[in-house]
Each structure stands twice: as C-alpha cells, then as structure tokens.
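Printed here is entry13.cif (mmCIF, C-alpha atoms):
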data_input
loop_
_atom_site.label_atom_id
_atom_site.label_comp_id
_atom_site.auth_asym_id
_atom_site.auth_seq_id
_atom_site.Cartn_x
_atom_site.Cartn_y
_atom_site.Cartn_z
CA MET A 12 -6.02 -10.76 26.04
CA THR A 13 -3.97 -8.02 27.63
CA THR A 14 -1.49 -5.90 25.74
CA ASP A 15 1.24 -6.35 28.37
CA ALA A 16 3.01 -9.10 26.44
CA LEU A 17 3.93 -6.69 23.64
CA VAL A 18 6.82 -4.22 23.65
CA LEU A 19 4.79 -1.59 21.77
CA ASP A 20 2.79 0.48 24.23
CA ALA A 21 -1.00 0.30 24.28
CA ALA A 22 -1.47 3.74 22.73
CA ALA A 23 0.69 2.81 19.74
CA GLN A 24 -1.13 -0.52 19.39
CA ASP A 25 -4.42 1.38 19.29
CA LEU A 26 -3.09 3.90 16.77
CA LEU A 27 -1.82 1.25 14.39
CA PHE A 28 -4.41 -1.49 14.83
CA ARG A 29 -7.21 -1.58 17.40
CA GLU A 30 -8.61 1.92 16.90
CA ALA A 31 -7.44 2.41 13.31
CA ARG A 32 -10.17 2.11 10.72
CA THR A 33 -10.69 2.42 7.00
CA ALA A 34 -11.90 5.98 6.53
CA ASN A 35 -14.68 6.86 4.10
CA THR A 36 -14.75 10.63 4.68
CA PHE A 37 -11.95 13.10 5.28
CA THR A 38 -11.42 16.68 6.38
CA ASP A 39 -9.93 19.09 3.86
CA GLU A 40 -6.65 19.37 5.81
CA PRO A 41 -3.86 18.81 3.27
CA VAL A 42 -1.29 16.02 3.48
CA SER A 43 2.17 17.44 2.80
CA GLU A 44 4.85 15.98 0.58
CA GLU A 45 7.18 15.99 3.60
CA LEU A 46 4.79 13.81 5.58
CA VAL A 47 4.42 11.30 2.76
CA GLN A 48 8.19 11.14 2.44
CA ALA A 49 8.49 10.52 6.18
CA ILE A 50 5.96 7.69 5.87
CA TYR A 51 7.88 6.12 2.99
CA ASP A 52 11.24 6.55 4.71
CA LEU A 53 9.85 4.53 7.63
CA VAL A 54 8.03 1.75 5.82
CA LYS A 55 10.70 1.09 3.20
CA TYR A 56 12.42 -1.05 5.83
CA GLY A 57 9.62 -3.63 5.92
CA PRO A 58 10.86 -7.11 4.91
CA THR A 59 10.41 -8.55 1.43
CA ALA A 60 11.85 -11.56 -0.37
CA PHE A 61 15.35 -10.88 -1.72
CA ASN A 62 14.90 -7.31 -0.48
CA GLN A 63 12.95 -6.71 -3.68
CA GLN A 64 11.11 -3.40 -3.78
CA PRO A 65 8.42 -3.60 -6.44
CA LEU A 66 6.12 -0.97 -4.90
CA ARG A 67 5.59 2.18 -6.97
CA VAL A 68 3.44 5.04 -5.72
CA VAL A 69 1.69 7.76 -7.72
CA LEU A 70 0.42 10.62 -5.54
CA VAL A 71 -2.66 12.15 -7.11
CA ARG A 72 -2.77 15.81 -6.04
CA SER A 73 -3.93 17.87 -9.02
CA ALA A 74 -7.55 18.34 -10.05
CA GLU A 75 -6.66 17.01 -13.49
CA GLY A 76 -5.05 13.90 -12.03
CA ARG A 77 -8.01 13.36 -9.71
CA GLU A 78 -10.42 13.55 -12.63
CA ARG A 79 -8.36 11.04 -14.60
CA LEU A 80 -8.42 8.64 -11.65
CA VAL A 81 -12.04 9.00 -10.54
CA GLN A 82 -13.38 8.02 -13.96
CA HIS A 83 -11.84 4.56 -13.44
CA MET A 84 -13.12 4.04 -9.88
CA ALA A 85 -16.19 1.94 -9.07
CA ASP A 86 -19.28 4.05 -8.48
CA GLY A 87 -19.20 3.47 -4.71
CA ASN A 88 -15.64 4.78 -4.53
CA LYS A 89 -15.92 7.86 -6.73
CA ALA A 90 -17.19 10.44 -4.21
CA LYS A 91 -14.67 9.69 -1.47
CA THR A 92 -11.84 9.59 -4.01
CA GLU A 93 -12.91 12.99 -5.31
CA THR A 94 -12.85 14.56 -1.83
CA ALA A 95 -9.90 12.91 -0.04
CA PRO A 96 -7.01 15.34 0.57
CA LEU A 97 -4.58 12.93 -1.06
CA VAL A 98 -4.91 9.77 -3.10
CA ALA A 99 -2.09 7.28 -3.65
CA ILE A 100 -2.09 4.71 -6.41
CA LEU A 101 -0.02 1.73 -5.26
CA ALA A 102 1.33 -0.54 -7.96
CA ALA A 103 3.84 -3.34 -8.40
CA ASP A 104 6.66 -2.91 -10.91
CA ASN A 105 6.98 -6.24 -12.70
CA GLU A 106 10.52 -5.29 -13.74
CA PHE A 107 11.69 -4.87 -10.13
CA HIS A 108 14.42 -7.45 -10.76
CA GLU A 109 16.46 -4.89 -12.68
CA GLU A 110 17.24 -3.22 -9.33
CA LEU A 111 18.20 -6.42 -7.50
CA PRO A 112 21.95 -6.17 -8.13
CA SER A 113 22.04 -2.95 -6.09
CA GLN A 114 19.33 -3.91 -3.58
CA PHE A 115 20.53 -7.47 -2.95
CA PRO A 116 24.29 -6.93 -3.34
CA HIS A 117 25.46 -10.10 -1.61
CA PHE A 118 23.85 -12.14 -4.41
CA PRO A 119 23.45 -9.88 -7.43
CA GLN A 120 22.95 -12.92 -9.68
CA ALA A 121 19.47 -13.36 -8.15
CA LYS A 122 18.18 -11.09 -10.91
CA ASP A 123 18.84 -13.77 -13.52
CA VAL A 124 18.89 -16.93 -11.44
CA PHE A 125 15.42 -16.51 -9.95
CA PHE A 126 13.59 -13.84 -11.93
CA SER A 127 14.37 -14.33 -15.60
CA GLU A 128 10.85 -15.66 -16.27
CA ARG A 129 8.09 -13.10 -16.47
CA SER A 130 5.49 -15.28 -14.75
CA VAL A 131 7.79 -15.68 -11.74
CA ARG A 132 8.41 -11.92 -11.61
CA GLU A 133 4.71 -11.12 -11.78
CA GLN A 134 3.88 -13.50 -8.95
CA SER A 135 6.73 -12.21 -6.80
CA ALA A 136 5.95 -8.55 -7.53
CA ALA A 137 2.29 -9.08 -6.61
CA LEU A 138 3.11 -10.72 -3.28
CA ASN A 139 5.93 -8.43 -2.21
CA GLY A 140 4.22 -5.33 -3.57
CA ALA A 141 1.17 -6.25 -1.49
CA LEU A 142 3.40 -6.57 1.58
CA GLN A 143 4.82 -3.13 0.89
CA ALA A 144 1.31 -1.73 0.36
CA ALA A 145 0.32 -3.06 3.78
CA TYR A 146 3.40 -1.47 5.35
CA PHE A 147 2.44 1.79 3.63
CA ILE A 148 -1.05 1.72 5.16
CA ILE A 149 0.42 1.10 8.63
CA GLY A 150 2.82 3.99 8.00
CA VAL A 151 -0.09 6.28 7.16
CA ARG A 152 -1.65 5.32 10.50
CA ALA A 153 1.66 5.91 12.28
CA ALA A 154 1.58 9.46 10.91
CA GLY A 155 -1.76 10.05 12.66
CA LEU A 156 -3.71 9.88 9.41
CA ALA A 157 -6.42 7.56 8.20
CA ALA A 158 -6.17 5.42 5.09
CA GLY A 159 -9.00 4.26 2.88
CA PRO A 160 -7.59 1.46 0.72
CA MET A 161 -9.77 0.37 -2.20
CA THR A 162 -9.69 -2.28 -4.91
CA GLY A 163 -12.91 -1.24 -6.63
CA TYR A 164 -11.61 0.16 -9.92
CA ASP A 165 -10.73 -0.71 -13.50
CA ALA A 166 -7.18 -1.93 -12.96
CA GLU A 167 -6.29 -2.17 -16.64
CA ALA A 168 -7.46 1.39 -17.27
CA ILE A 169 -5.54 2.77 -14.27
CA ASN A 170 -2.39 0.94 -15.34
CA LYS A 171 -2.66 2.49 -18.80
CA GLU A 172 -3.68 5.95 -17.53
CA PHE A 173 -0.94 6.37 -14.91
CA PHE A 174 1.85 3.97 -15.83
CA GLY A 175 1.72 4.17 -19.62
CA GLU A 176 4.18 1.85 -21.26
CA GLY A 177 5.71 0.79 -17.93
CA ASP A 178 5.19 -2.78 -16.82
CA HIS A 179 3.15 -2.19 -13.67
CA SER A 180 0.15 -3.79 -11.98
CA VAL A 181 -2.02 -1.62 -9.76
CA LEU A 182 -2.50 -3.11 -6.28
CA ALA A 183 -4.72 -0.59 -4.49
CA VAL A 184 -5.90 2.99 -4.52
CA VAL A 185 -5.61 4.60 -1.08
CA ASN A 186 -7.37 7.75 0.10
CA ILE A 187 -5.33 9.51 2.79
CA GLY A 188 -6.07 12.27 5.28
CA LYS A 189 -7.58 13.22 8.61
CA PRO A 190 -10.89 11.39 9.10
CA GLY A 191 -14.00 13.50 8.58
CA ASP A 192 -17.55 13.26 9.91
CA ASP A 193 -19.07 9.77 10.00
CA ALA A 194 -15.84 8.38 8.62
CA TRP A 195 -16.27 4.83 9.88
CA PHE A 196 -18.55 1.94 9.16
CA PRO A 197 -19.23 -0.27 12.21
CA ARG A 198 -16.25 -2.43 13.08
CA SER A 199 -16.54 -5.80 11.35
CA PRO A 200 -15.76 -8.94 13.36
CA ARG A 201 -12.40 -10.68 13.24
CA LEU A 202 -11.54 -14.36 13.62
CA GLU A 203 -10.26 -15.29 17.06
CA TYR A 204 -6.84 -16.76 17.79
CA ASP A 205 -8.07 -20.34 18.13
CA GLN A 206 -9.84 -20.10 14.77
CA VAL A 207 -6.64 -19.13 12.99
CA VAL A 208 -3.65 -20.56 14.86
CA THR A 209 -2.72 -24.22 15.19
CA THR A 210 0.39 -25.71 16.72
CA VAL A 211 2.08 -28.86 15.42
#
Would you mind writing the structure in this file as structure tokens?
Amino acid sequence: MTTDALVLDAAAQDLLFREARTANTFTDEPVSEELVQAIYDLVKYGPTAFNQQPLRVVLVRSAEGRERLVQHMADGNKAKTETAPLVAILAADNEFHEELPSQFPHFPQAKDVFFSERSVREQSAALNGALQAAYFIIGVRAAGLAAGPMTGYDAEAINKEFFGEGDHSVLAVVNIGKPGDDAWFPRSPRLEYDQVVTTV
C-alpha cells in the first residue's frame, strides 16, 4: 500500500506511526514544560463524546515524585521509569461532567441528562480518557520525542498517591524523552486490512 492516498506526507506518517515505537530507554535530555504545553495545546482538539475532557495529567519531575511513583510500578517497568527524563501519569476524572456546561455550551443540560449516574460517568470517562491518552501519545511523537506507555502498575495505589481524595482512575503511565541506546524491541506484527475491515 502506497502512502500517496493520504494528505499527510510520508515523513509525517513515519514520525507518527510507521517508524514510531514504544521506547524502553531514553537519553538524559530534559523535556521542557513549554514542550509539554505545546503537545497538550495540540492534542486537546482531538474528538470526544459531548466534547468531554476527562483526561488529567500529572507530570512527575522531582526525585521525590519519581520515588513515590516507581514503588507502585511493576518490576519490569521500574528501571525505565526511574531513568526517563519525564514521566506522565494519565488519568480519567470521573467527575468530568461538572465541566460540561462550559465545554458543551449548546446543550449544558447534558451534565444532568446523561451523566447523573456514576456508573455511566465512569464508563464514559474511561473511554474518552483513553481516546485523549492516545492523542497525547501521538502528540509526544509529533514533538519528535518517544513515548513509553505502560499499564503495569498498582492502579489503586497510584490513584491514592497522586490524586488523593479526587475521583480519578489512572489510565496509563507514560515515559517521555529522546530514545536512548537499544530503545526498541523488535517490531511486533500487525493485523492486515482484510483481517480487520469488512464492508456491508
């Protein structure tokens, strides 16, 4: 399949998808606050249901914060989390509906009409927060950085450690930076078009 059918040029396609990989090692080059803000200011426009924005991000920069996080990571994720230039904890705010009147102004009643039940909010926050987390990872790649998203951790402990009494659910922990030596595992196979797509 050629890339000519797409508007995005081949180099950008490679940067965002074909050549982008989950990094397991990083250089010590820092990731600035300005760059993270630029990433967020781009990816915040990704679509979600009702324009809800449940994603919350904690940037772990300090040694003390890193120590608090690493203790809750699975053993296989501890070393790379200790050494990544920046780590982001991505979580879904289960009380996102409180912001809907300002974020979905043409139907402010959506807050109460659709999201008064906690179980509905949790399900919606998980799905739309995961969408936003995926946009965030693509944004990291667009900034010329590598992302190492992980789900190997004690989610309950991280929620308590970093979100306290807030009603949040951690979605992923993402190491961010310039890839280091031997950063990549071999590329794993992907399903082909005909294995995934059907037409009716």
Cut-off 12 Å around (9.4, -8.1, 0.3) with all atoms listed in the file: residues as a PyMOL selection string: chain A and resi 54-66+103+107+111+114-115+135-146
Considering only C-alpha atoms, can you say which of A:Val69, A:Met161, A:Leu156, A:Ala23 comes closest to Gly188 (chain A)?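 Of the candidates, the smallest distance to Gly188 (chain A) is held by A:Leu156.
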Quick one, how far is CA of Phe118 (chain A) from CA of Asp52 (chain A)?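 Atom-to-atom, CA of Phe118 (chain A) to CA of Asp52 (chain A), that is 24.3 Å.
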Explicit residue set for the PyMOL selection byres ((chain A and resi 149) around 12), as a PyMOL selection string: chain A and resi 23-29+31-33+50-51+53-55+57+142-148+150-160+185+187
Given the selection you just returned, output its residues as a file containing C-alpha atoms, formatted as a CSV table (one decimal), in the frame of the given file.
chain,number,residue,atom,x,y,z
A,23,ALA,CA,0.7,2.8,19.7
A,24,GLN,CA,-1.1,-0.5,19.4
A,25,ASP,CA,-4.4,1.4,19.3
A,26,LEU,CA,-3.1,3.9,16.8
A,27,LEU,CA,-1.8,1.2,14.4
A,28,PHE,CA,-4.4,-1.5,14.8
A,29,ARG,CA,-7.2,-1.6,17.4
A,31,ALA,CA,-7.4,2.4,13.3
A,32,ARG,CA,-10.2,2.1,10.7
A,33,THR,CA,-10.7,2.4,7.0
A,50,ILE,CA,6.0,7.7,5.9
A,51,TYR,CA,7.9,6.1,3.0
A,53,LEU,CA,9.8,4.5,7.6
A,54,VAL,CA,8.0,1.8,5.8
A,55,LYS,CA,10.7,1.1,3.2
A,57,GLY,CA,9.6,-3.6,5.9
A,142,LEU,CA,3.4,-6.6,1.6
A,143,GLN,CA,4.8,-3.1,0.9
A,144,ALA,CA,1.3,-1.7,0.4
A,145,ALA,CA,0.3,-3.1,3.8
A,146,TYR,CA,3.4,-1.5,5.4
A,147,PHE,CA,2.4,1.8,3.6
A,148,ILE,CA,-1.0,1.7,5.2
A,150,GLY,CA,2.8,4.0,8.0
A,151,VAL,CA,-0.1,6.3,7.2
A,152,ARG,CA,-1.6,5.3,10.5
A,153,ALA,CA,1.7,5.9,12.3
A,154,ALA,CA,1.6,9.5,10.9
A,155,GLY,CA,-1.8,10.0,12.7
A,156,LEU,CA,-3.7,9.9,9.4
A,157,ALA,CA,-6.4,7.6,8.2
A,158,ALA,CA,-6.2,5.4,5.1
A,159,GLY,CA,-9.0,4.3,2.9
A,160,PRO,CA,-7.6,1.5,0.7
A,185,VAL,CA,-5.6,4.6,-1.1
A,187,ILE,CA,-5.3,9.5,2.8
What lies within 9 Å of Thr162 (chain A) using all atoms listed in the file, ignoring chain neighbours under 6 positions off, as a PyMOL selection string? chain A and resi 84-85+182-185
Could you give me, as a PyMOL selection string, the residues within 12 Å of Gly76 (chain A), counting only C-alpha atoms and dropping anything in the same chain fewer than 6 positions from it? chain A and resi 69-70+82-83+92-93+97-100+169+172-173
In Å, how far is it from CA of Lys89 (chain A) to CA of Asn186 (chain A)? 10.9 Å
A:Ser127, A:Ser180, A:Gln206, A:Asn35: which is nearest Gly87 (chain A), counting all atoms listed in the file? A:Asn35
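For region 194-199 of chain A, the list of residues within 6 Å, based on all atoms listed in the file and with local chain neighbours fewer than 2 positions off taken out, reads Ala34, Asn35, Thr36, Pro190, Gly191 and Asp192 of chain A.
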If you measure from CA of Val131 (chain A) to CA of Pro119 (chain A), what distance in Å do you get, rounded to one decimal? 17.2 Å
Looking at only C-alpha atoms, which of A:Asp123, A:Asp178, A:Asp39, A:Glu128 is the one that sits closest to Ala95 (chain A)?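 Checking each of A:Asp123, A:Asp178, A:Asp39, A:Glu128 against Ala95 (chain A), counting only C-alpha atoms, the winner is A:Asp39.
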Using only C-alpha atoms, can you tell me which of A:Gln48, A:Gln120, A:Asn170, A:Ser73 comes closest to Asp104 (chain A)?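 Of A:Gln48, A:Gln120, A:Asn170, A:Ser73, the one nearest Asp104 (chain A) is A:Asn170, counting only C-alpha atoms.
Comparing A:Val181, A:Ala22, A:Val211, A:Leu17 by their smallest distance to Asn105 (chain A), the closest is A:Val181 (using all atoms listed in the file).
Proximity ranking of A:Ala166, A:Ala49, A:Ala90, A:Val42 relative to Val71 (chain A) places A:Val42 first, based on all atoms listed in the file.
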Reconstruct region 173-202 of chain A at the level of N, CA and C atoms, and format the result as a compact mmCIF listing (two decimals), in the frame of the given file.
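Printed below is selection22.txt as written:
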# COMPACT_ATOMS: atom_id res chain seq x y z
N PHE A 173 -1.96 5.79 -15.79
CA PHE A 173 -0.94 6.37 -14.91
C PHE A 173 0.45 5.76 -15.07
N PHE A 174 0.54 4.60 -15.69
CA PHE A 174 1.85 3.97 -15.83
C PHE A 174 2.25 3.78 -17.28
N GLY A 175 1.38 4.13 -18.20
CA GLY A 175 1.72 4.17 -19.62
C GLY A 175 2.32 2.88 -20.12
N GLU A 176 3.51 3.00 -20.68
CA GLU A 176 4.18 1.85 -21.26
C GLU A 176 4.95 1.04 -20.22
N GLY A 177 5.00 1.54 -18.98
CA GLY A 177 5.71 0.79 -17.93
C GLY A 177 4.99 -0.50 -17.61
N ASP A 178 5.75 -1.47 -17.12
CA ASP A 178 5.19 -2.78 -16.82
C ASP A 178 4.80 -2.83 -15.35
N HIS A 179 3.62 -2.29 -15.05
CA HIS A 179 3.15 -2.19 -13.67
C HIS A 179 1.78 -2.83 -13.54
N SER A 180 1.46 -3.25 -12.31
CA SER A 180 0.15 -3.79 -11.98
C SER A 180 -0.37 -3.07 -10.75
N VAL A 181 -1.48 -2.35 -10.89
CA VAL A 181 -2.02 -1.62 -9.76
C VAL A 181 -2.47 -2.61 -8.68
N LEU A 182 -2.17 -2.27 -7.42
CA LEU A 182 -2.50 -3.11 -6.28
C LEU A 182 -3.65 -2.55 -5.47
N ALA A 183 -3.69 -1.25 -5.29
CA ALA A 183 -4.72 -0.59 -4.49
C ALA A 183 -4.68 0.89 -4.76
N VAL A 184 -5.80 1.54 -4.53
CA VAL A 184 -5.90 2.99 -4.52
C VAL A 184 -6.24 3.37 -3.08
N VAL A 185 -5.47 4.29 -2.50
CA VAL A 185 -5.61 4.60 -1.08
C VAL A 185 -5.91 6.08 -0.89
N ASN A 186 -7.07 6.39 -0.32
CA ASN A 186 -7.37 7.75 0.10
C ASN A 186 -6.69 8.00 1.45
N ILE A 187 -6.14 9.20 1.61
CA ILE A 187 -5.33 9.51 2.79
C ILE A 187 -5.71 10.88 3.33
N GLY A 188 -5.82 10.97 4.66
CA GLY A 188 -6.07 12.27 5.28
C GLY A 188 -6.56 12.12 6.70
N LYS A 189 -6.95 13.23 7.29
CA LYS A 189 -7.58 13.22 8.61
C LYS A 189 -9.04 12.78 8.44
N PRO A 190 -9.51 11.86 9.27
CA PRO A 190 -10.89 11.39 9.10
C PRO A 190 -11.90 12.52 9.31
N GLY A 191 -12.96 12.49 8.49
CA GLY A 191 -14.00 13.50 8.58
C GLY A 191 -15.19 13.01 9.39
N ASP A 192 -16.33 13.65 9.20
CA ASP A 192 -17.55 13.26 9.91
C ASP A 192 -18.04 11.90 9.40
N ASP A 193 -18.52 11.09 10.35
CA ASP A 193 -19.07 9.77 10.00
C ASP A 193 -18.12 9.01 9.08
N ALA A 194 -16.86 8.98 9.48
CA ALA A 194 -15.84 8.38 8.62
C ALA A 194 -15.87 6.86 8.63
N TRP A 195 -16.44 6.27 9.69
CA TRP A 195 -16.27 4.83 9.88
C TRP A 195 -17.58 4.06 9.68
N PHE A 196 -17.48 2.93 9.07
CA PHE A 196 -18.55 1.94 9.16
C PHE A 196 -18.38 1.21 10.49
N PRO A 197 -19.42 0.52 10.99
CA PRO A 197 -19.23 -0.27 12.21
C PRO A 197 -18.10 -1.28 12.04
N ARG A 198 -17.37 -1.49 13.12
CA ARG A 198 -16.25 -2.43 13.08
C ARG A 198 -16.75 -3.83 12.74
N SER A 199 -16.17 -4.44 11.72
CA SER A 199 -16.54 -5.80 11.35
C SER A 199 -15.80 -6.80 12.24
N PRO A 200 -16.40 -7.97 12.46
CA PRO A 200 -15.76 -8.94 13.36
C PRO A 200 -14.48 -9.51 12.77
N ARG A 201 -13.64 -10.02 13.64
CA ARG A 201 -12.40 -10.68 13.24
C ARG A 201 -12.41 -12.12 13.79
N LEU A 202 -11.72 -13.00 13.11
CA LEU A 202 -11.54 -14.36 13.62
C LEU A 202 -10.70 -14.31 14.88
